[in-house]
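Asks: final_20.pdb (PDB, C-alpha atoms, pLDDT in the B column) pasted underneath:
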ATOM      1  CA  MET C   1     123.768  78.574  57.636  1.00 51.00           C
ATOM      2  CA  SER C   2     125.584  77.541  60.792  1.00 53.00           C
ATOM      3  CA  GLU C   3     123.891  77.025  64.124  1.00 56.00           C
ATOM      4  CA  LEU C   4     124.657  79.568  66.829  1.00 54.00           C
ATOM      5  CA  LYS C   5     125.435  77.934  70.164  1.00 58.00           C
ATOM      6  CA  LEU C   6     125.646  80.248  73.113  1.00 64.00           C
ATOM      7  CA  GLN C   7     127.633  79.309  76.184  1.00 62.00           C
ATOM      8  CA  THR C   8     129.402  81.207  78.894  1.00 63.00           C
ATOM      9  CA  GLU C   9     133.084  80.623  79.640  1.00 69.00           C
ATOM     10  CA  GLU C  10     132.024  78.014  82.199  1.00 72.00           C
ATOM     11  CA  GLY C  11     129.995  76.176  79.537  1.00 74.00           C
ATOM     12  CA  GLN C  12     126.666  77.265  80.996  1.00 80.00           C
ATOM     13  CA  THR C  13     123.688  78.643  79.115  1.00 84.00           C
ATOM     14  CA  PRO C  14     123.992  82.435  79.359  1.00 87.00           C
ATOM     15  CA  VAL C  15     121.668  84.611  81.394  1.00 92.00           C
ATOM     16  CA  VAL C  16     119.762  87.007  79.138  1.00 93.00           C
ATOM     17  CA  PHE C  17     118.024  90.111  80.464  1.00 95.00           C
ATOM     18  CA  MET C  18     115.208  91.211  78.159  1.00 95.00           C
ATOM     19  CA  PHE C  19     113.812  94.742  78.361  1.00 95.00           C
ATOM     20  CA  SER C  20     110.370  95.439  76.900  1.00 91.00           C
ATOM     21  CA  GLY C  21     109.121  98.722  75.545  1.00 84.00           C
ATOM     22  CA  GLN C  22     106.069 100.955  75.565  1.00 81.00           C
ATOM     23  CA  GLY C  23     102.923  99.013  76.442  1.00 78.00           C
ATOM     24  CA  SER C  24     104.451  97.110  79.348  1.00 77.00           C
ATOM     25  CA  HIS C  25     103.683  99.842  81.863  1.00 86.00           C
ATOM     26  CA  TYR C  26     100.775 100.388  84.232  1.00 85.00           C
ATOM     27  CA  TYR C  27     100.032 102.254  87.458  1.00 89.00           C
ATOM     28  CA  HIS C  28     101.522 100.575  90.531  1.00 93.00           C
ATOM     29  CA  MET C  29     103.859  98.373  88.473  1.00 93.00           C
ATOM     30  CA  ALA C  30     106.289  96.456  90.676  1.00 94.00           C
ATOM     31  CA  CYS C  31     104.497  97.807  93.752  1.00 95.00           C
ATOM     32  CA  ASP C  32     105.138  94.640  95.787  1.00 96.00           C
ATOM     33  CA  LEU C  33     108.828  94.829  94.943  1.00 96.00           C
ATOM     34  CA  PHE C  34     108.915  98.550  95.775  1.00 97.00           C
ATOM     35  CA  GLU C  35     107.352  97.878  99.174  1.00 97.00           C
ATOM     36  CA  SER C  36     109.389  94.799 100.063  1.00 97.00           C
ATOM     37  CA  ASN C  37     112.836  95.090  98.462  1.00 98.00           C
ATOM     38  CA  PRO C  38     115.249  97.753  99.743  1.00 98.00           C
ATOM     39  CA  VAL C  39     117.545  97.568  96.693  1.00 98.00           C
ATOM     40  CA  PHE C  40     114.651  98.108  94.287  1.00 98.00           C
ATOM     41  CA  ARG C  41     113.172 100.884  96.412  1.00 98.00           C
ATOM     42  CA  GLU C  42     116.494 102.726  96.877  1.00 98.00           C
ATOM     43  CA  THR C  43     117.246 102.491  93.164  1.00 98.00           C
ATOM     44  CA  MET C  44     113.811 103.885  92.326  1.00 98.00           C
ATOM     45  CA  PHE C  45     114.267 106.774  94.775  1.00 98.00           C
ATOM     46  CA  ASN C  46     117.699 107.561  93.299  1.00 98.00           C
ATOM     47  CA  LEU C  47     116.335 107.505  89.757  1.00 98.00           C
ATOM     48  CA  ASP C  48     113.394 109.676  90.788  1.00 98.00           C
ATOM     49  CA  GLU C  49     115.838 112.292  92.096  1.00 98.00           C
ATOM     50  CA  ILE C  50     117.607 112.265  88.732  1.00 97.00           C
ATOM     51  CA  ALA C  51     114.288 112.634  86.906  1.00 97.00           C
ATOM     52  CA  MET C  52     113.224 115.500  89.147  1.00 97.00           C
ATOM     53  CA  GLY C  53     116.514 117.237  88.424  1.00 96.00           C
ATOM     54  CA  ILE C  54     115.837 116.973  84.696  1.00 95.00           C
ATOM     55  CA  ASN C  55     112.212 118.066  84.448  1.00 92.00           C
ATOM     56  CA  GLY C  56     110.967 118.777  87.969  1.00 94.00           C
ATOM     57  CA  ARG C  57     108.534 115.839  87.953  1.00 93.00           C
ATOM     58  CA  SER C  58     108.405 112.944  90.390  1.00 96.00           C
ATOM     59  CA  ILE C  59     107.940 109.806  88.344  1.00 95.00           C
ATOM     60  CA  LEU C  60     107.493 107.758  91.522  1.00 96.00           C
ATOM     61  CA  LYS C  61     104.527 109.841  92.640  1.00 96.00           C
ATOM     62  CA  GLU C  62     102.898 109.174  89.283  1.00 94.00           C
ATOM     63  CA  ILE C  63     103.672 105.437  89.120  1.00 94.00           C
ATOM     64  CA  TYR C  64     102.350 104.882  92.646  1.00 95.00           C
ATOM     65  CA  HIS C  65      99.606 107.554  92.456  1.00 94.00           C
ATOM     66  CA  SER C  66      97.248 107.010  95.387  1.00 92.00           C
ATOM     67  CA  GLU C  67      94.112 107.745  93.338  1.00 94.00           C
ATOM     68  CA  LYS C  68      95.005 105.452  90.425  1.00 90.00           C
ATOM     69  CA  THR C  69      94.655 101.701  90.051  1.00 86.00           C
ATOM     70  CA  VAL C  70      96.239  99.197  87.681  1.00 85.00           C
ATOM     71  CA  LYS C  71      93.036  99.452  85.609  1.00 86.00           C
ATOM     72  CA  ASP C  72      93.503 103.191  84.915  1.00 86.00           C
ATOM     73  CA  TRP C  73      95.199 104.250  81.686  1.00 87.00           C
ATOM     74  CA  PHE C  74      98.819 105.196  82.336  1.00 83.00           C
ATOM     75  CA  ASP C  75      99.421 106.969  79.063  1.00 83.00           C
ATOM     76  CA  ALA C  76     101.202 110.303  79.577  1.00 85.00           C
ATOM     77  CA  THR C  77     104.567 109.648  77.921  1.00 88.00           C
ATOM     78  CA  ILE C  78     106.201 112.373  80.006  1.00 90.00           C
ATOM     79  CA  TYR C  79     105.755 109.883  82.876  1.00 92.00           C
ATOM     80  CA  THR C  80     105.570 106.497  81.140  1.00 91.00           C
ATOM     81  CA  HIS C  81     108.876 106.796  79.262  1.00 93.00           C
ATOM     82  CA  PRO C  82     111.017 107.349  82.360  1.00 95.00           C
ATOM     83  CA  ALA C  83     108.817 104.994  84.412  1.00 95.00           C
ATOM     84  CA  ILE C  84     109.643 102.095  82.104  1.00 95.00           C
ATOM     85  CA  VAL C  85     113.355 102.881  82.271  1.00 96.00           C
ATOM     86  CA  MET C  86     113.311 103.265  86.034  1.00 97.00           C
ATOM     87  CA  VAL C  87     111.427 100.049  86.797  1.00 97.00           C
ATOM     88  CA  GLU C  88     113.420  97.945  84.343  1.00 97.00           C
ATOM     89  CA  TYR C  89     116.744  99.283  85.558  1.00 98.00           C
ATOM     90  CA  ALA C  90     115.745  98.868  89.223  1.00 98.00           C
ATOM     91  CA  VAL C  91     114.729  95.243  88.613  1.00 97.00           C
ATOM     92  CA  ALA C  92     118.093  94.601  86.934  1.00 97.00           C
ATOM     93  CA  GLN C  93     119.930  96.172  89.883  1.00 98.00           C
ATOM     94  CA  THR C  94     117.889  94.078  92.311  1.00 98.00           C
ATOM     95  CA  LEU C  95     118.834  90.913  90.435  1.00 97.00           C
ATOM     96  CA  ALA C  96     122.501  91.967  90.248  1.00 96.00           C
ATOM     97  CA  VAL C  97     122.699  92.445  94.024  1.00 97.00           C
ATOM     98  CA  ALA C  98     121.163  88.966  94.392  1.00 96.00           C
ATOM     99  CA  GLY C  99     123.971  87.602  92.206  1.00 95.00           C
ATOM    100  CA  VAL C 100     122.091  87.325  88.920  1.00 95.00           C
ATOM    101  CA  LYS C 101     123.929  89.237  86.211  1.00 93.00           C
ATOM    102  CA  PRO C 102     123.309  89.142  82.473  1.00 94.00           C
ATOM    103  CA  ASP C 103     125.681  87.641  79.959  1.00 91.00           C
ATOM    104  CA  LEU C 104     123.540  89.174  77.227  1.00 91.00           C
ATOM    105  CA  VAL C 105     121.085  92.073  77.091  1.00 94.00           C
ATOM    106  CA  LEU C 106     118.183  92.202  74.642  1.00 93.00           C
ATOM    107  CA  SER C 107     115.835  95.174  74.374  1.00 93.00           C
ATOM    108  CA  THR C 108     113.232  96.828  72.222  1.00 92.00           C
ATOM    109  CA  SER C 109     111.696 100.299  72.025  1.00 90.00           C
ATOM    110  CA  MET C 110     111.737 102.076  75.415  1.00 90.00           C
ATOM    111  CA  GLY C 111     113.461  99.058  76.925  1.00 93.00           C
ATOM    112  CA  SER C 112     116.551 100.041  74.944  1.00 95.00           C
ATOM    113  CA  PHE C 113     117.230 102.878  77.371  1.00 96.00           C
ATOM    114  CA  ALA C 114     117.378 100.568  80.410  1.00 96.00           C
ATOM    115  CA  GLY C 115     119.099  97.872  78.362  1.00 96.00           C
ATOM    116  CA  ALA C 116     121.863 100.274  77.305  1.00 97.00           C
ATOM    117  CA  ALA C 117     122.495 101.222  80.935  1.00 97.00           C
ATOM    118  CA  VAL C 118     122.539  97.617  82.141  1.00 97.00           C
ATOM    119  CA  ALA C 119     124.846  96.614  79.273  1.00 96.00           C
ATOM    120  CA  GLY C 120     127.191  99.463  80.198  1.00 95.00           C
ATOM    121  CA  SER C 121     127.067 101.336  76.906  1.00 94.00           C
ATOM    122  CA  HIS C 122     125.427 104.340  78.607  1.00 95.00           C
ATOM    123  CA  SER C 123     125.137 105.457  82.203  1.00 97.00           C
ATOM    124  CA  ILE C 124     121.704 105.257  83.787  1.00 97.00           C
ATOM    125  CA  GLU C 125     121.767 109.054  84.024  1.00 97.00           C
ATOM    126  CA  GLU C 126     122.276 109.309  80.244  1.00 97.00           C
ATOM    127  CA  SER C 127     119.599 106.717  79.535  1.00 97.00           C
ATOM    128  CA  LEU C 128     117.023 108.256  81.875  1.00 97.00           C
ATOM    129  CA  THR C 129     117.737 111.744  80.526  1.00 97.00           C
ATOM    130  CA  ALA C 130     117.347 110.535  76.943  1.00 96.00           C
ATOM    131  CA  SER C 131     113.997 108.890  77.734  1.00 95.00           C
ATOM    132  CA  ILE C 132     112.703 112.078  79.346  1.00 95.00           C
ATOM    133  CA  LYS C 133     113.938 114.283  76.504  1.00 94.00           C
ATOM    134  CA  GLN C 134     112.292 111.953  73.980  1.00 92.00           C
ATOM    135  CA  ALA C 135     108.990 112.200  75.883  1.00 91.00           C
ATOM    136  CA  GLU C 136     109.294 116.001  75.989  1.00 90.00           C
ATOM    137  CA  ALA C 137     109.892 116.087  72.227  1.00 89.00           C
ATOM    138  CA  LEU C 138     106.816 113.915  71.666  1.00 84.00           C
ATOM    139  CA  SER C 139     104.706 116.246  73.797  1.00 80.00           C
ATOM    140  CA  LEU C 140     105.712 119.168  71.585  1.00 82.00           C
ATOM    141  CA  SER C 141     104.619 117.381  68.421  1.00 74.00           C
ATOM    142  CA  GLY C 142     100.913 117.796  69.144  1.00 68.00           C
ATOM    143  CA  VAL C 143      98.163 115.251  69.416  1.00 66.00           C
ATOM    144  CA  GLY C 144      99.020 111.847  68.081  1.00 60.00           C
ATOM    145  CA  MET C 145      97.799 108.302  68.300  1.00 60.00           C
ATOM    146  CA  MET C 146      99.197 104.826  68.164  1.00 57.00           C
ATOM    147  CA  ILE C 147      97.469 102.193  66.119  1.00 60.00           C
ATOM    148  CA  ALA C 148      97.877  98.465  66.059  1.00 58.00           C
ATOM    149  CA  ILE C 149      96.921  96.062  63.318  1.00 67.00           C
ATOM    150  CA  VAL C 150      95.784  92.767  64.716  1.00 63.00           C
ATOM    151  CA  LYS C 151      95.411  89.772  62.436  1.00 70.00           C
ATOM    152  CA  MET C 152      92.299  87.829  63.418  1.00 63.00           C
TER     153      MET C 152
END
The structure given in the file should be rewritten as structure tokens.

Replies:
Amino acid sequence: MSELKLQTEEGQTPVVFMFSGQGSHYYHMACDLFESNPVFRETMFNLDEIAMGINGRSILKEIYHSEKTVKDWFDATIYTHPAIVMVEYAVAQTLAVAGVKPDLVLSTSMGSFAGAAVAGSHSIEESLTASIKQAEALSLSGVGMMIAIVKM
């Protein structure tokens, strides 16, 4: 088996953007960035408009809900799915404007929607729509649960 050595054209170690999935979300995520960074904030507002056009819901109002704290469960997939996509994509856009662009994109689960948009294989509109439609399909499937097996 040969060793894989990654380098950019300039011989530098490549920049990898990694996008996580379900479980990485919480109320008020990236709140400091939302309040202080105009690129992040504008991207989030633009994505919220797209989301509202799809299902009539403001994802921003839910993420930054005034009566919720980071300790509250943020578990309604109709909000969490697009919230993950929106925050991850907005962070990537913020980094891009600052001159940090990925040579490689790695993603898992819900992060694949933002990752696909950042990698250019889908538009952010397509990715956000797909995440919302997936959440809507899950909501129609009835009550369900996620389990985790933890090795002690």

Asks: To one decimal place in Å, what is the distance between CA of Ile63 in chain C and CA of Ala83 in chain C?

Replies: 7.0 Å

Asks: Is there a way to get, as number ranges by chain, all residues within 10 Å of the point (112.0, 97.1, 71.0) in file coordinates, counting all atoms listed in the file?

Replies: C: 18-22, 106-112

Asks: Just how far from CA of Ala76 in chain C is CA of Ser24 in chain C, in Å to one decimal?

Replies: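 Separation of CA of Ser24 in chain C and CA of Ala76 in chain C: 13.6 Å.
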
Asks: What do you get, as a PyMOL selection string, if you spell out every residue that the PyMOL selection byres ((chain C and resi 89) around 12) selects here?

Replies: chain C and resi 17-20+30+39-44+46-47+82-88+90-96+105+107+110-120+123-125+127-128

Asks: Which of these, C:Ser121, C:Ser66, C:Asn55, C:Gln12, has the shortest distance to Ala135 in chain C once you count all atoms listed in the file?

Replies: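 Closest residue, counting all atoms listed in the file: C:Asn55.
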
Asks: Between CA of Gly23 in chain C and CA of Ala137 in chain C, what distance in Å does the model show, to one decimal?

Replies: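 Distance between the two atoms: 18.9 Å.
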
Asks: Looking at C:Cys31, C:Ile132, C:Val16, C:Leu138, which one is nearest to His65 in chain C, with distances taken over all atoms listed in the file?

Replies: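 The shortest atom-to-atom distance to His65 in chain C comes from C:Cys31.
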
Asks: Show me, as an MDAnalysis selection string, the residues that have an atom within 9 Å of Thr129 in chain C when counting all atoms listed in the file, minus same-chain residues fewer than 6 positions from it.

Replies: chainID C and resid 50:51 54 82

Asks: Which residue gives the smallest distance to Leu104 in chain C among C:His122, C:Val70, C:Val15, C:Met29, with only C-alpha atoms counted?

Replies: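 Among the listed residues, C:Val15 lies closest to Leu104 in chain C.
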
Asks: Any chance you could work out the residue set of the PyMOL selection byres ((chain C and resi 61) around 12) here, as a PDB file with C-alpha atoms, keeping the file's coordinate frame?

Replies:
ATOM      1  CA  TYR C  27     100.032 102.254  87.458  1.00 89.00           C
ATOM      2  CA  HIS C  28     101.522 100.575  90.531  1.00 93.00           C
ATOM      3  CA  MET C  44     113.811 103.885  92.326  1.00 98.00           C
ATOM      4  CA  PHE C  45     114.267 106.774  94.775  1.00 98.00           C
ATOM      5  CA  ASP C  48     113.394 109.676  90.788  1.00 98.00           C
ATOM      6  CA  GLU C  49     115.838 112.292  92.096  1.00 98.00           C
ATOM      7  CA  ALA C  51     114.288 112.634  86.906  1.00 97.00           C
ATOM      8  CA  MET C  52     113.224 115.500  89.147  1.00 97.00           C
ATOM      9  CA  GLY C  56     110.967 118.777  87.969  1.00 94.00           C
ATOM     10  CA  ARG C  57     108.534 115.839  87.953  1.00 93.00           C
ATOM     11  CA  SER C  58     108.405 112.944  90.390  1.00 96.00           C
ATOM     12  CA  ILE C  59     107.940 109.806  88.344  1.00 95.00           C
ATOM     13  CA  LEU C  60     107.493 107.758  91.522  1.00 96.00           C
ATOM     14  CA  GLU C  62     102.898 109.174  89.283  1.00 94.00           C
ATOM     15  CA  ILE C  63     103.672 105.437  89.120  1.00 94.00           C
ATOM     16  CA  TYR C  64     102.350 104.882  92.646  1.00 95.00           C
ATOM     17  CA  HIS C  65      99.606 107.554  92.456  1.00 94.00           C
ATOM     18  CA  SER C  66      97.248 107.010  95.387  1.00 92.00           C
ATOM     19  CA  GLU C  67      94.112 107.745  93.338  1.00 94.00           C
ATOM     20  CA  LYS C  68      95.005 105.452  90.425  1.00 90.00           C
ATOM     21  CA  TYR C  79     105.755 109.883  82.876  1.00 92.00           C
ATOM     22  CA  ALA C  83     108.817 104.994  84.412  1.00 95.00           C
TER      23      ALA C  83
END

Asks: Of the candidates C:Phe74, C:Asp103, C:Leu140, C:Ala130, which shows the shortest atom-to-atom distance to Thr13 in chain C, using only C-alpha atoms?

Replies: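 The shortest atom-to-atom distance to Thr13 in chain C comes from C:Asp103.
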
Asks: Out of C:Ser36, C:Ser139, C:Tyr26, C:Pro102, which residue has the shortest atom-to-atom distance to Thr77 in chain C when counting all atoms listed in the file?

Replies: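 Checking each of C:Ser36, C:Ser139, C:Tyr26, C:Pro102 against Thr77 in chain C, counting all atoms listed in the file, the winner is C:Ser139.
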
Asks: Rebuild range 16-37 of chain C to N, CA and C atoms - output it as a CSV table (one decimal), keeping the file's coordinate frame, please.

Replies:
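Full text of rebuild34.csv as output:
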chain,number,residue,atom,x,y,z
C,16,VAL,N,120.1,85.9,80.0
C,16,VAL,CA,119.8,87.0,79.1
C,16,VAL,C,118.7,87.9,79.9
C,17,PHE,N,119.0,89.2,80.0
C,17,PHE,CA,118.0,90.1,80.5
C,17,PHE,C,117.3,90.7,79.3
C,18,MET,N,116.0,90.7,79.3
C,18,MET,CA,115.2,91.2,78.2
C,18,MET,C,114.4,92.4,78.7
C,19,PHE,N,114.5,93.5,78.0
C,19,PHE,CA,113.8,94.7,78.4
C,19,PHE,C,112.7,95.1,77.3
C,20,SER,N,111.5,95.1,77.8
C,20,SER,CA,110.4,95.4,76.9
C,20,SER,C,110.2,96.9,76.8
C,21,GLY,N,109.3,97.3,75.8
C,21,GLY,CA,109.1,98.7,75.5
C,21,GLY,C,107.8,99.2,76.0
C,22,GLN,N,107.3,100.3,75.3
C,22,GLN,CA,106.1,101.0,75.6
C,22,GLN,C,105.0,99.9,75.5
C,23,GLY,N,104.0,100.0,76.4
C,23,GLY,CA,102.9,99.0,76.4
C,23,GLY,C,103.0,98.0,77.6
C,24,SER,N,104.2,98.0,78.2
C,24,SER,CA,104.5,97.1,79.3
C,24,SER,C,104.2,97.8,80.7
C,25,HIS,N,103.8,99.0,80.7
C,25,HIS,CA,103.7,99.8,81.9
C,25,HIS,C,102.2,99.9,82.3
C,26,TYR,N,102.1,100.2,83.6
C,26,TYR,CA,100.8,100.4,84.2
C,26,TYR,C,101.0,101.0,85.6
C,27,TYR,N,99.9,101.7,86.1
C,27,TYR,CA,100.0,102.3,87.5
C,27,TYR,C,100.3,101.1,88.5
C,28,HIS,N,101.2,101.5,89.4
C,28,HIS,CA,101.5,100.6,90.5
C,28,HIS,C,102.4,99.4,90.1
C,29,MET,N,103.0,99.5,88.9
C,29,MET,CA,103.9,98.4,88.5
C,29,MET,C,105.0,98.2,89.5
C,30,ALA,N,105.3,96.9,89.7
C,30,ALA,CA,106.3,96.5,90.7
C,30,ALA,C,106.1,97.0,92.1
C,31,CYS,N,104.8,97.2,92.4
C,31,CYS,CA,104.5,97.8,93.8
C,31,CYS,C,105.0,96.9,94.9
C,32,ASP,N,104.7,95.6,94.7
C,32,ASP,CA,105.1,94.6,95.8
C,32,ASP,C,106.7,94.7,96.0
C,33,LEU,N,107.4,94.8,94.9
C,33,LEU,CA,108.8,94.8,94.9
C,33,LEU,C,109.3,96.1,95.6
C,34,PHE,N,108.6,97.2,95.2
C,34,PHE,CA,108.9,98.6,95.8
C,34,PHE,C,108.7,98.5,97.3
C,35,GLU,N,107.7,97.9,97.7
C,35,GLU,CA,107.4,97.9,99.2
C,35,GLU,C,108.2,96.9,100.0
C,36,SER,N,108.7,95.8,99.3
C,36,SER,CA,109.4,94.8,100.1
C,36,SER,C,110.9,94.7,99.8
C,37,ASN,N,111.4,95.3,98.8
C,37,ASN,CA,112.8,95.1,98.5
C,37,ASN,C,113.6,96.4,98.6
